[in-house]
Amino acid sequence: MSTNFSGQVQDRPELQKVIEELAESGFVGVQIRVNDERGEWVGSAGMRELGRSAEPLTDGHFRIGSSTKSFVATSVLMLVAEGRIGLDTPVSDYLPEFGLDRRITVRMLLQHTSGIFNHTGELYEDGTIVLGVPWQGREWVDNRFKSYLPEELVRLSLSRPARFAPGEGWSYANTNYVLARLVVEKVTGRSFAEELQRLVLGPLGMTGTVAPGASPEIPEPHNHGYYRYEDAGQERTVDVTRQNPSWVGAGGDMISTTRDLHTYFSALMGGRLLSAELLAEMRTPEATVGYGLGVFAQETEGGTVFHHNGATMGSAALMYGTPDGSTTLTAGLTWVDDAGLSIAPAFQTAQQRFVGEVFCGRLG
């Protein structure tokens with residue numbers, strides 16, 4: 001239950017039912033916020049922490065994984081508006097130290113059309129997997145507080161063959177956004193966290209969002225995320241709420257809340273951060289999977305919905321909005337992760353059911 005804009009208590013039993021079923025399907029904690037013509041509704045289900053009876057938070061902090069990419073893309077586009085970055089300028093003009101192919105532009109980074117090898121590993125069409133930075137199993141658990149420099153991640157990527165010639169294909173690569181963040185820092189002379197504060201967080205009054213860099217800390221309050229792995233034939237489960245996210249870097253290291261994600265995405269979609277021209281650039285999808293510049297475009301029964309969800313060890317974010325920002329869905333999910341990504345089907349189901357209910361007026 002929650003209050004709407006007129007102060008009345010809203011009851012959304014259909015949404016509460018969905019999140020309770022999701023909690024039962026394998027999630028430790030679910031927190032969700034919906035803003036639409038009926039007002040605002042927040043709900044939660046599951047547990048805050050394994051083995052404890054405390055209910056999960058409705059506005060706790062959580063790691064948002066690849067939803068980070070939307071914030072990076074918006075920051076780059078705001079610097080484009082300031083005349084400090086050129087969308088079609090070669091990235092090597094800003095970062096000459098890497099010897100990048102001069103055909104790779106800033107736009108290609110944001111749209112994943114650069115062809116650069118993904119530093120977190122690649123799955124090729126023939127089923128071949130080429131590993132990058134370790135992020136699974138005991139190896140990751142033992143090194144979950146290790147710090148990586150963004151430059152290390154870029155150099156790892158560039159030591160591997162490109163997926164395709166710049167602009168000739170589409171392939172999701174966290175490294176594109178590591179490079180995009182480095183461009184932001186190079187042209188401004190400030191850290192990405194400082195620029196994000198100046199451009200987005202400060203103006204929108206977002207106090208629960210953090211670009212942590214290499215810090216393993218997460219602000220209180222928060223639900224807990226876990227990782228299950230095998231060690232000498234024994235199955236172990238560890239709390240990975242605290243972890244150093246520098247292995248993924250700007251591809252997915254940020255922390256936020258459902259309230260802040262709503263504030264951000266409604267402002268972005270509503271045209272309060274970017275000009276109409278730049279917002280149109282951001283929302284123009286390439287043909288492969290419908291990826292714009294830091295957002296996905298998804299066609300639903302209720303019309304076009306824009307989103308950028310994200311997942312990392314034991315934690316995930318959902319962030320959806322209508323083109324005018326008047327309806328948003330933001331959620332934080334925690335679970336017990338593992339190397340086999342066994343939560344993936346339930347995560348996909350969660351997305352489908354929430355979108356079906358909130359944007360299409362039906363249960364998925």
# chains A, B, ... in the order shown; residues from 1 in each chain; ligands from 1
>>> select_by_dssp(residues="range 222-303 of chain A", states="strand (DSSP E)", output="number ranges by chain")
A: 226-231, 234-239, 255-256, 296-300, 303
>>> write_last_selection(atoms="N, CA, C and O atoms", output="PDB file, in the first residue's frame")
ATOM      1  N   TYR A 226      23.814 -12.166  -2.212  1.00  0.00           N
ATOM      2  CA  TYR A 226      24.645 -13.324  -1.859  1.00  0.00           C
ATOM      3  C   TYR A 226      25.213 -13.996  -3.103  1.00  0.00           C
ATOM      4  O   TYR A 226      24.719 -13.807  -4.211  1.00  0.00           O
ATOM      5  N   TYR A 227      26.241 -14.828  -2.872  1.00  0.00           N
ATOM      6  CA  TYR A 227      26.844 -15.597  -3.954  1.00  0.00           C
ATOM      7  C   TYR A 227      27.112 -17.013  -3.443  1.00  0.00           C
ATOM      8  O   TYR A 227      27.647 -17.200  -2.346  1.00  0.00           O
ATOM      9  N   ARG A 228      26.720 -17.993  -4.263  1.00  0.00           N
ATOM     10  CA  ARG A 228      26.898 -19.411  -3.917  1.00  0.00           C
ATOM     11  C   ARG A 228      27.942 -20.011  -4.862  1.00  0.00           C
ATOM     12  O   ARG A 228      27.872 -19.808  -6.071  1.00  0.00           O
ATOM     13  N   TYR A 229      28.893 -20.725  -4.296  1.00  0.00           N
ATOM     14  CA  TYR A 229      29.948 -21.303  -5.131  1.00  0.00           C
ATOM     15  C   TYR A 229      30.448 -22.596  -4.492  1.00  0.00           C
ATOM     16  O   TYR A 229      30.139 -22.904  -3.329  1.00  0.00           O
ATOM     17  N   GLU A 230      31.224 -23.346  -5.271  1.00  0.00           N
ATOM     18  CA  GLU A 230      31.757 -24.599  -4.774  1.00  0.00           C
ATOM     19  C   GLU A 230      33.205 -24.410  -4.376  1.00  0.00           C
ATOM     20  O   GLU A 230      33.988 -23.790  -5.096  1.00  0.00           O
ATOM     21  N   ASP A 231      33.546 -24.962  -3.213  1.00  0.00           N
ATOM     22  CA  ASP A 231      34.914 -24.858  -2.704  1.00  0.00           C
ATOM     23  C   ASP A 231      35.298 -26.213  -2.142  1.00  0.00           C
ATOM     24  O   ASP A 231      34.732 -26.652  -1.144  1.00  0.00           O
ATOM     25  N   GLN A 234      32.532 -28.536  -1.474  1.00  0.00           N
ATOM     26  CA  GLN A 234      31.509 -28.020  -0.556  1.00  0.00           C
ATOM     27  C   GLN A 234      30.829 -26.795  -1.169  1.00  0.00           C
ATOM     28  O   GLN A 234      31.500 -25.946  -1.746  1.00  0.00           O
ATOM     29  N   GLU A 235      29.516 -26.717  -1.014  1.00  0.00           N
ATOM     30  CA  GLU A 235      28.800 -25.524  -1.485  1.00  0.00           C
ATOM     31  C   GLU A 235      28.820 -24.474  -0.385  1.00  0.00           C
ATOM     32  O   GLU A 235      28.469 -24.760   0.756  1.00  0.00           O
ATOM     33  N   ARG A 236      29.257 -23.284  -0.736  1.00  0.00           N
ATOM     34  CA  ARG A 236      29.327 -22.187   0.234  1.00  0.00           C
ATOM     35  C   ARG A 236      28.507 -21.004  -0.266  1.00  0.00           C
ATOM     36  O   ARG A 236      28.460 -20.737  -1.467  1.00  0.00           O
ATOM     37  N   THR A 237      27.897 -20.299   0.661  1.00  0.00           N
ATOM     38  CA  THR A 237      27.157 -19.083   0.332  1.00  0.00           C
ATOM     39  C   THR A 237      27.730 -17.930   1.138  1.00  0.00           C
ATOM     40  O   THR A 237      27.839 -18.028   2.363  1.00  0.00           O
ATOM     41  N   VAL A 238      28.136 -16.856   0.441  1.00  0.00           N
ATOM     42  CA  VAL A 238      28.721 -15.708   1.131  1.00  0.00           C
ATOM     43  C   VAL A 238      27.903 -14.457   0.835  1.00  0.00           C
ATOM     44  O   VAL A 238      27.293 -14.321  -0.225  1.00  0.00           O
ATOM     45  N   ASP A 239      27.895 -13.563   1.801  1.00  0.00           N
ATOM     46  CA  ASP A 239      27.245 -12.260   1.632  1.00  0.00           C
ATOM     47  C   ASP A 239      28.188 -11.388   0.803  1.00  0.00           C
ATOM     48  O   ASP A 239      29.318 -11.129   1.202  1.00  0.00           O
ATOM     49  N   ILE A 255      25.315   2.555  -7.541  1.00  0.00           N
ATOM     50  CA  ILE A 255      24.367   2.198  -6.477  1.00  0.00           C
ATOM     51  C   ILE A 255      23.260   3.245  -6.487  1.00  0.00           C
ATOM     52  O   ILE A 255      23.530   4.436  -6.688  1.00  0.00           O
ATOM     53  N   SER A 256      22.004   2.817  -6.276  1.00  0.00           N
ATOM     54  CA  SER A 256      20.923   3.791  -6.227  1.00  0.00           C
ATOM     55  C   SER A 256      19.770   3.257  -5.389  1.00  0.00           C
ATOM     56  O   SER A 256      19.924   2.273  -4.657  1.00  0.00           O
ATOM     57  N   PHE A 296      17.402   1.084 -24.006  1.00  0.00           N
ATOM     58  CA  PHE A 296      16.725   0.171 -24.918  1.00  0.00           C
ATOM     59  C   PHE A 296      15.341   0.721 -25.237  1.00  0.00           C
ATOM     60  O   PHE A 296      14.683   1.290 -24.353  1.00  0.00           O
ATOM     61  N   ALA A 297      14.893   0.518 -26.472  1.00  0.00           N
ATOM     62  CA  ALA A 297      13.507   0.823 -26.853  1.00  0.00           C
ATOM     63  C   ALA A 297      12.778  -0.506 -26.997  1.00  0.00           C
ATOM     64  O   ALA A 297      13.252  -1.404 -27.698  1.00  0.00           O
ATOM     65  N   GLN A 298      11.662  -0.644 -26.309  1.00  0.00           N
ATOM     66  CA  GLN A 298      10.904  -1.899 -26.347  1.00  0.00           C
ATOM     67  C   GLN A 298       9.457  -1.619 -26.739  1.00  0.00           C
ATOM     68  O   GLN A 298       8.794  -0.769 -26.129  1.00  0.00           O
ATOM     69  N   GLU A 299       8.981  -2.324 -27.750  1.00  0.00           N
ATOM     70  CA  GLU A 299       7.586  -2.168 -28.162  1.00  0.00           C
ATOM     71  C   GLU A 299       6.720  -3.096 -27.327  1.00  0.00           C
ATOM     72  O   GLU A 299       7.008  -4.290 -27.219  1.00  0.00           O
ATOM     73  N   THR A 300       5.667  -2.563 -26.718  1.00  0.00           N
ATOM     74  CA  THR A 300       4.747  -3.363 -25.918  1.00  0.00           C
ATOM     75  C   THR A 300       3.323  -3.122 -26.408  1.00  0.00           C
ATOM     76  O   THR A 300       3.081  -2.234 -27.232  1.00  0.00           O
ATOM     77  N   GLY A 303       2.398   0.394 -26.090  1.00  0.00           N
ATOM     78  CA  GLY A 303       3.202   1.388 -26.789  1.00  0.00           C
ATOM     79  C   GLY A 303       4.685   1.220 -26.484  1.00  0.00           C
ATOM     80  O   GLY A 303       5.099   0.265 -25.819  1.00  0.00           O
TER      81      GLY A 303
END
>>> closest_residue(among="A:Gly310, A:Gly290, A:Gly202, A:Gly83", to="Phe62 in chain A", atoms="only C-alpha atoms")
A:Gly310
>>> closest_residue(among="A:Lys146, A:Arg259, A:Arg283, A:His224", to="Met47 in chain A", atoms="only C-alpha atoms")
A:His224
>>> residues_around(residues="Ile218 in chain A", least_positions_apart="4", cutoff="12 Å", atoms="only C-alpha atoms", output="PDB file with C-alpha atoms, in the first residue's frame")
ATOM      1  CA  GLY A  60      16.940   0.770   0.310  1.00  0.00           C
ATOM      2  CA  HIS A  61      20.191   1.140  -1.610  1.00  0.00           C
ATOM      3  CA  PHE A  62      21.166  -1.543  -4.120  1.00  0.00           C
ATOM      4  CA  ARG A  63      23.734  -2.142  -6.844  1.00  0.00           C
ATOM      5  CA  ILE A  64      22.144  -1.257 -10.181  1.00  0.00           C
ATOM      6  CA  GLY A 208      20.735   8.040  -2.702  1.00  0.00           C
ATOM      7  CA  THR A 209      22.858   7.500  -5.814  1.00  0.00           C
ATOM      8  CA  VAL A 210      26.589   6.757  -5.721  1.00  0.00           C
ATOM      9  CA  ALA A 211      29.285   6.234  -8.370  1.00  0.00           C
ATOM     10  CA  PRO A 212      31.594   4.290  -6.023  1.00  0.00           C
ATOM     11  CA  GLY A 213      34.717   3.824  -8.140  1.00  0.00           C
ATOM     12  CA  ALA A 214      36.679   1.129  -6.317  1.00  0.00           C
ATOM     13  CA  HIS A 222      20.190  -1.842   2.135  1.00  0.00           C
ATOM     14  CA  ASN A 223      18.999  -5.356   1.439  1.00  0.00           C
ATOM     15  CA  HIS A 224      21.658  -8.075   1.209  1.00  0.00           C
ATOM     16  CA  GLY A 225      22.884  -9.947  -1.873  1.00  0.00           C
ATOM     17  CA  VAL A 240      28.575 -10.132  -1.260  1.00  0.00           C
ATOM     18  CA  THR A 241      26.691  -6.933  -0.442  1.00  0.00           C
ATOM     19  CA  ARG A 242      30.109  -5.343   0.073  1.00  0.00           C
ATOM     20  CA  GLN A 243      32.224  -5.851  -3.062  1.00  0.00           C
ATOM     21  CA  ASN A 244      34.623  -3.815  -5.159  1.00  0.00           C
ATOM     22  CA  PRO A 245      32.810  -3.115  -8.456  1.00  0.00           C
ATOM     23  CA  ASP A 253      29.249  -0.132 -10.830  1.00  0.00           C
ATOM     24  CA  MET A 254      26.688   2.365  -9.506  1.00  0.00           C
ATOM     25  CA  ILE A 255      24.367   2.198  -6.477  1.00  0.00           C
ATOM     26  CA  SER A 256      20.923   3.791  -6.227  1.00  0.00           C
ATOM     27  CA  THR A 257      17.383   3.511  -4.805  1.00  0.00           C
TER      28      THR A 257
END
>>> residues_around(residues="Leu199 in chain A", least_positions_apart="3", cutoff="9 Å", atoms="only C-alpha atoms", output="ChimeraX atom specification")
/A:74-75,78-79,194-196,202-204,273
>>> write_last_selection(atoms="N, CA, C and O atoms", output="compact mmCIF listing (two decimals), in the first residue's frame")
# COMPACT_ATOMS: atom_id res chain seq x y z
N THR A 74 23.87 9.69 -20.45
CA THR A 74 23.26 11.00 -20.22
C THR A 74 24.32 12.05 -19.91
O THR A 74 24.27 13.18 -20.43
N SER A 75 25.30 11.69 -19.09
CA SER A 75 26.38 12.62 -18.75
C SER A 75 27.16 13.02 -20.00
O SER A 75 27.49 14.21 -20.20
N MET A 78 25.04 15.37 -22.07
CA MET A 78 24.98 16.71 -21.47
C MET A 78 26.27 17.48 -21.75
O MET A 78 26.25 18.71 -21.93
N LEU A 79 27.39 16.77 -21.83
CA LEU A 79 28.65 17.43 -22.20
C LEU A 79 28.71 17.73 -23.69
O LEU A 79 29.36 18.68 -24.12
N GLU A 194 32.16 13.38 -9.68
CA GLU A 194 31.96 14.83 -9.54
C GLU A 194 31.10 15.38 -10.67
O GLU A 194 30.21 16.22 -10.44
N GLU A 195 31.35 14.92 -11.90
CA GLU A 195 30.56 15.40 -13.03
C GLU A 195 29.11 14.92 -12.94
O GLU A 195 28.19 15.66 -13.28
N LEU A 196 28.91 13.68 -12.49
CA LEU A 196 27.56 13.16 -12.32
C LEU A 196 26.80 13.99 -11.30
O LEU A 196 25.62 14.31 -11.49
N GLY A 202 22.87 16.49 -8.45
CA GLY A 202 22.61 17.75 -7.76
C GLY A 202 21.35 18.44 -8.26
O GLY A 202 20.44 18.74 -7.47
N PRO A 203 21.25 18.70 -9.57
CA PRO A 203 20.06 19.38 -10.09
C PRO A 203 18.75 18.65 -9.80
O PRO A 203 17.72 19.29 -9.62
N LEU A 204 18.79 17.32 -9.75
CA LEU A 204 17.55 16.56 -9.51
C LEU A 204 17.33 16.23 -8.03
O LEU A 204 16.32 15.62 -7.69
N LEU A 273 16.51 16.85 -18.82
CA LEU A 273 17.97 16.77 -18.77
C LEU A 273 18.61 17.05 -20.13
O LEU A 273 19.68 17.64 -20.20
>>> decode(residues="range 292-308 of chain A", atoms="all heavy atoms", output="mmCIF file, in the first residue's frame")
data_model
loop_
_atom_site.group_PDB
_atom_site.id
_atom_site.type_symbol
_atom_site.label_atom_id
_atom_site.label_comp_id
_atom_site.auth_asym_id
_atom_site.auth_seq_id
_atom_site.Cartn_x
_atom_site.Cartn_y
_atom_site.Cartn_z
ATOM 1 N N GLY A 292 19.533 2.271 -28.132
ATOM 2 C CA GLY A 292 19.852 3.639 -28.509
ATOM 3 C C GLY A 292 21.202 4.022 -27.950
ATOM 4 O O GLY A 292 22.176 3.282 -28.074
ATOM 5 N N LEU A 293 21.294 5.183 -27.310
ATOM 6 C CA LEU A 293 22.523 5.618 -26.652
ATOM 7 C C LEU A 293 22.291 5.508 -25.149
ATOM 8 O O LEU A 293 21.820 6.432 -24.507
ATOM 9 C CB LEU A 293 22.879 7.055 -27.054
ATOM 10 C CG LEU A 293 22.957 7.335 -28.558
ATOM 11 C CD1 LEU A 293 23.308 8.804 -28.805
ATOM 12 C CD2 LEU A 293 23.944 6.411 -29.251
ATOM 13 N N GLY A 294 22.548 4.327 -24.603
ATOM 14 C CA GLY A 294 22.350 4.110 -23.166
ATOM 15 C C GLY A 294 20.929 3.786 -22.754
ATOM 16 O O GLY A 294 20.627 3.785 -21.564
ATOM 17 N N VAL A 295 20.043 3.501 -23.705
ATOM 18 C CA VAL A 295 18.685 3.030 -23.379
ATOM 19 C C VAL A 295 18.233 2.021 -24.438
ATOM 20 O O VAL A 295 18.642 2.099 -25.596
ATOM 21 C CB VAL A 295 17.629 4.162 -23.309
ATOM 22 C CG1 VAL A 295 17.869 5.082 -22.136
ATOM 23 C CG2 VAL A 295 17.543 4.928 -24.614
ATOM 24 N N PHE A 296 17.402 1.084 -24.006
ATOM 25 C CA PHE A 296 16.725 0.171 -24.918
ATOM 26 C C PHE A 296 15.341 0.721 -25.237
ATOM 27 O O PHE A 296 14.683 1.290 -24.353
ATOM 28 C CB PHE A 296 16.527 -1.209 -24.281
ATOM 29 C CG PHE A 296 17.762 -2.041 -24.156
ATOM 30 C CD1 PHE A 296 18.536 -1.992 -22.997
ATOM 31 C CD2 PHE A 296 18.144 -2.918 -25.168
ATOM 32 C CE1 PHE A 296 19.664 -2.786 -22.857
ATOM 33 C CE2 PHE A 296 19.271 -3.714 -25.037
ATOM 34 C CZ PHE A 296 20.036 -3.656 -23.889
ATOM 35 N N ALA A 297 14.893 0.518 -26.472
ATOM 36 C CA ALA A 297 13.507 0.823 -26.853
ATOM 37 C C ALA A 297 12.778 -0.506 -26.997
ATOM 38 O O ALA A 297 13.252 -1.404 -27.698
ATOM 39 C CB ALA A 297 13.471 1.591 -28.165
ATOM 40 N N GLN A 298 11.662 -0.644 -26.309
ATOM 41 C CA GLN A 298 10.904 -1.899 -26.347
ATOM 42 C C GLN A 298 9.457 -1.619 -26.739
ATOM 43 O O GLN A 298 8.794 -0.769 -26.129
ATOM 44 C CB GLN A 298 10.943 -2.571 -24.956
ATOM 45 C CG GLN A 298 10.168 -3.864 -24.849
ATOM 46 C CD GLN A 298 10.269 -4.478 -23.454
ATOM 47 O OE1 GLN A 298 11.166 -4.157 -22.680
ATOM 48 N NE2 GLN A 298 9.341 -5.363 -23.130
ATOM 49 N N GLU A 299 8.981 -2.324 -27.750
ATOM 50 C CA GLU A 299 7.586 -2.168 -28.162
ATOM 51 C C GLU A 299 6.720 -3.096 -27.327
ATOM 52 O O GLU A 299 7.008 -4.290 -27.219
ATOM 53 C CB GLU A 299 7.423 -2.488 -29.653
ATOM 54 C CG GLU A 299 8.193 -1.544 -30.575
ATOM 55 C CD GLU A 299 7.879 -0.077 -30.331
ATOM 56 O OE1 GLU A 299 6.694 0.266 -30.113
ATOM 57 O OE2 GLU A 299 8.816 0.735 -30.336
ATOM 58 N N THR A 300 5.667 -2.563 -26.718
ATOM 59 C CA THR A 300 4.747 -3.363 -25.918
ATOM 60 C C THR A 300 3.323 -3.122 -26.408
ATOM 61 O O THR A 300 3.081 -2.234 -27.232
ATOM 62 C CB THR A 300 4.814 -2.977 -24.426
ATOM 63 O OG1 THR A 300 4.151 -1.700 -24.251
ATOM 64 C CG2 THR A 300 6.249 -2.857 -23.932
ATOM 65 N N GLU A 301 2.389 -3.894 -25.868
ATOM 66 C CA GLU A 301 0.973 -3.695 -26.214
ATOM 67 C C GLU A 301 0.511 -2.287 -25.859
ATOM 68 O O GLU A 301 -0.403 -1.740 -26.473
ATOM 69 C CB GLU A 301 0.110 -4.716 -25.476
ATOM 70 C CG GLU A 301 0.286 -6.137 -25.947
ATOM 71 C CD GLU A 301 -0.465 -7.113 -25.059
ATOM 72 O OE1 GLU A 301 -1.431 -6.701 -24.389
ATOM 73 O OE2 GLU A 301 -0.074 -8.298 -25.041
ATOM 74 N N GLY A 302 1.159 -1.706 -24.845
ATOM 75 C CA GLY A 302 0.783 -0.362 -24.414
ATOM 76 C C GLY A 302 1.551 0.749 -25.108
ATOM 77 O O GLY A 302 1.393 1.917 -24.763
ATOM 78 N N GLY A 303 2.398 0.394 -26.090
ATOM 79 C CA GLY A 303 3.202 1.388 -26.789
ATOM 80 C C GLY A 303 4.685 1.220 -26.484
ATOM 81 O O GLY A 303 5.099 0.265 -25.819
ATOM 82 N N THR A 304 5.495 2.172 -26.948
ATOM 83 C CA THR A 304 6.943 2.099 -26.736
ATOM 84 C C THR A 304 7.291 2.380 -25.283
ATOM 85 O O THR A 304 6.765 3.313 -24.670
ATOM 86 C CB THR A 304 7.677 3.123 -27.625
ATOM 87 O OG1 THR A 304 7.301 2.907 -28.978
ATOM 88 C CG2 THR A 304 9.185 2.982 -27.495
ATOM 89 N N VAL A 305 8.191 1.566 -24.745
ATOM 90 C CA VAL A 305 8.711 1.765 -23.394
ATOM 91 C C VAL A 305 10.229 1.799 -23.508
ATOM 92 O O VAL A 305 10.827 1.009 -24.244
ATOM 93 C CB VAL A 305 8.271 0.622 -22.455
ATOM 94 C CG1 VAL A 305 8.938 0.749 -21.087
ATOM 95 C CG2 VAL A 305 6.758 0.602 -22.293
ATOM 96 N N PHE A 306 10.863 2.739 -22.807
ATOM 97 C CA PHE A 306 12.325 2.811 -22.775
ATOM 98 C C PHE A 306 12.815 2.256 -21.444
ATOM 99 O O PHE A 306 12.140 2.396 -20.414
ATOM 100 C CB PHE A 306 12.793 4.248 -22.970
ATOM 101 C CG PHE A 306 12.505 4.764 -24.351
ATOM 102 C CD1 PHE A 306 11.381 5.530 -24.604
ATOM 103 C CD2 PHE A 306 13.355 4.451 -25.409
ATOM 104 C CE1 PHE A 306 11.099 5.982 -25.894
ATOM 105 C CE2 PHE A 306 13.082 4.903 -26.689
ATOM 106 C CZ PHE A 306 11.954 5.666 -26.938
ATOM 107 N N HIS A 307 13.990 1.623 -21.485
ATOM 108 C CA HIS A 307 14.494 1.045 -20.227
ATOM 109 C C HIS A 307 15.994 0.810 -20.305
ATOM 110 O O HIS A 307 16.578 0.800 -21.394
ATOM 111 C CB HIS A 307 13.776 -0.278 -19.909
ATOM 112 C CG HIS A 307 14.058 -1.396 -20.874
ATOM 113 N ND1 HIS A 307 15.121 -2.257 -20.723
ATOM 114 C CD2 HIS A 307 13.403 -1.794 -21.992
ATOM 115 C CE1 HIS A 307 15.112 -3.148 -21.712
ATOM 116 N NE2 HIS A 307 14.091 -2.877 -22.502
ATOM 117 N N HIS A 308 16.590 0.642 -19.145
ATOM 118 C CA HIS A 308 17.919 0.041 -19.033
ATOM 119 C C HIS A 308 17.989 -0.639 -17.684
ATOM 120 O O HIS A 308 18.144 0.004 -16.650
ATOM 121 C CB HIS A 308 19.050 1.050 -19.192
ATOM 122 C CG HIS A 308 20.301 0.380 -19.744
ATOM 123 N ND1 HIS A 308 20.796 -0.794 -19.220
ATOM 124 C CD2 HIS A 308 21.107 0.700 -20.795
ATOM 125 C CE1 HIS A 308 21.867 -1.162 -19.915
ATOM 126 N NE2 HIS A 308 22.076 -0.277 -20.884
#
